[in-house]
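This report concerns only the one structure given below.
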Amino acid sequence: MTVRALINVPKKAKRGDVIEIKTLISHVMETGFRHSTNGQMIPRDLITSFACTYDGETIFETQFFPAIAANPFVTFYTVATASGTLTFRWIGDNGFEVTQEAKIAVE
Amino acid sequence: MSMMKITRREVLLAGGLAAVGATISGSAEAVTGQMETAIRNAIGTPTIRKGRVMLDLPPLVENGNTVPMTVSVDSPMTKDNYVKAIHVFNEKNPQPNVISVRLGARSGRATIATRVRLADTQKITAIAEMSDGTFWSDTQEVIVTLAACLEDLQP
């Protein structure tokens, strides 16, 4: 299964600016509370956590629960401190793990 | 000797069944206040005041499967005055938690947006934990016409 993760980080920012980061990842987020048409319980398959690090420092961390819609979409903010790399990491059930990076240039 | 063993096993079995019974009745009771229990598990029992938190949800939702939600907290987000965490809870989904977020002074703006699932018309509560140890909250009521989790699945 190919996982598509979309990340929207501004390419350039002024030092000290508050920047908006948008992330979207394709995932069913199966709650484990639903039954299929033959009456069987569909096993839980969730992304349980997501974190963003900016040059190694964690700037945003979240825990997902079944109440998060399929294809989890998260918008958050951070202060552009220095040029560097933002690393995004999603971890979930059944060994799900996706890591993506984005670069930002700060003037 | 063997008599003794059987008796012992019977006693243990009876005890085990009693314990199972207790757990089941306990969880049935907990459901009524599941949001309260979840809040207590997440943050303990501090004084939670109304205000400073803005929970933005549409008042009327046609499809509970994807409901846009924004939580923003009024905070200067400086080194010594910032939002540490935001927790969102629901009243009537099968599970009371929605999302838990850790922020810091580096966040710059204490705002998050995501999409949630709502199983029924219910109240949603967002609680923010500040760096000075105070807790603030906001609650919104959302009317859901088509609930999440109830749609027909493809065979």
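Identifiers in this document derive from the order of the structure tokens: chains are assigned A, B, ..., residues are numbered from 1 separately in each chain, and ligands are numbered from 1 in order of occurrence.
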
Problem - Contact residues around Gln100 in chain A with only C-alpha atoms at 10 Å, ignoring same-chain residues under 5 positions, as number ranges by chain - result: A: 5-7, 52, 86-90

For the interface of range 87-153 of chain B with range 16-23 of chain A (cut-off 12 Å, counting only C-alpha atoms), please tabulate each contacting residue of range 87-153 of chain B alongside its nearest pair of atoms and their separation in Å to one decimal, rows sorted by chain and increasing number, as a tab-separated table.
```
residue	atom	partner	partner_atom	distance
B:Ala105	CA	A:Val18	CA	11.5
B:Arg106	CA	A:Val18	CA	9.1
B:Ser107	CA	A:Val18	CA	7.8
B:Gly108	CA	A:Val18	CA	5.6
B:Arg109	CA	A:Val18	CA	7.1
B:Ala110	CA	A:Val18	CA	10.7
B:Thr111	CA	A:Glu20	CA	9.7
B:Ile112	CA	A:Lys22	CA	9.9
B:Ala113	CA	A:Lys22	CA	9.0
B:Thr114	CA	A:Thr23	CA	9.6
B:Arg115	CA	A:Thr23	CA	11.8
```

Exercise for the section: Would you kindly return, as a PyMOL selection string, each protein, DNA or RNA residue with an atom no farther than 12 Å from any atom of Pro66 in chain A, considering only C-alpha atoms and excluding same-chain residues fewer than 6 positions away? Expected result: (chain A and resi 28-34+44-49+72+92-93) or (chain B and resi 65+89-90+93-99+115-119+148-149)

Exercise for the section: Name all residues at most 8 Å from Gly84 in chain A (count only C-alpha atoms; drop same-chain ones fewer than 2 positions away) and give them as an MDAnalysis selection string. Expected result: chainID A and resid 54:55 82 86 103:105

Do you have, as a Markdown table, the list of residues of chain A lying at most 6 Å from chain B, each with its nearest atom pair and that distance in Å to one decimal, counting only C-alpha atoms and ordered by chain then number?
```
| residue | atom | partner | partner_atom | distance |
| --- | --- | --- | --- | --- |
| A:Val18 | CA | B:Gly108 | CA | 5.6 |
| A:Thr37 | CA | B:Pro155 | CA | 5.8 |
| A:Phe60 | CA | B:Leu103 | CA | 5.6 |
| A:Glu61 | CA | B:Arg102 | CA | 5.1 |
| A:Thr62 | CA | B:Val101 | CA | 4.2 |
| A:Gln63 | CA | B:Ser100 | CA | 5.1 |
| A:Phe64 | CA | B:Ile99 | CA | 5.3 |
| A:Phe65 | CA | B:Val98 | CA | 5.5 |
| A:Ala67 | CA | B:Arg117 | CA | 4.8 |
| A:Ile68 | CA | B:Val116 | CA | 4.4 |
| A:Ala69 | CA | B:Val116 | CA | 4.7 |
| A:Phe73 | CA | B:Thr114 | CA | 5.3 |
| A:Val74 | CA | B:Thr114 | CA | 4.7 |
| A:Thr75 | CA | B:Ala113 | CA | 4.9 |
| A:Phe76 | CA | B:Ile112 | CA | 4.9 |
| A:Tyr77 | CA | B:Ser107 | CA | 5.4 |
| A:Thr78 | CA | B:Ser107 | CA | 4.0 |
| A:Val79 | CA | B:Gly108 | CA | 5.3 |
```

Practice task
Could you tell me how far CA of Val71 in chain B lies from CA of Met54 in chain B, in Å and to one decimal?
Solution key: 5.7 Å

Handout entry: Those of chain A in DSSP strand (DSSP E or B), formatted as a PyMOL selection string
Key = chain A and resi 5-8+12-13+18-25+30+35+41+45+47-54+57-64+68+73-79+84-92+97-106

Practice task
May I ask for the distance between CA of Thr121 in chain B and CA of Ala70 in chain A, given in Å to one decimal place?
Solution key: 19.6 Å

Practice task
Would you kindly return, as a PyMOL selection string, each protein, DNA or RNA residue with an atom no farther than 9 Å from any atom of Leu55 in chain B, considering only C-alpha atoms and excluding same-chain residues fewer than 2 positions away?
Solution key: chain B and resi 53+57+69-73+124-126+137-140

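In this structure, CA of Ala102 in chain A sits 28.7 Å away from CA of Asp74 in chain B.
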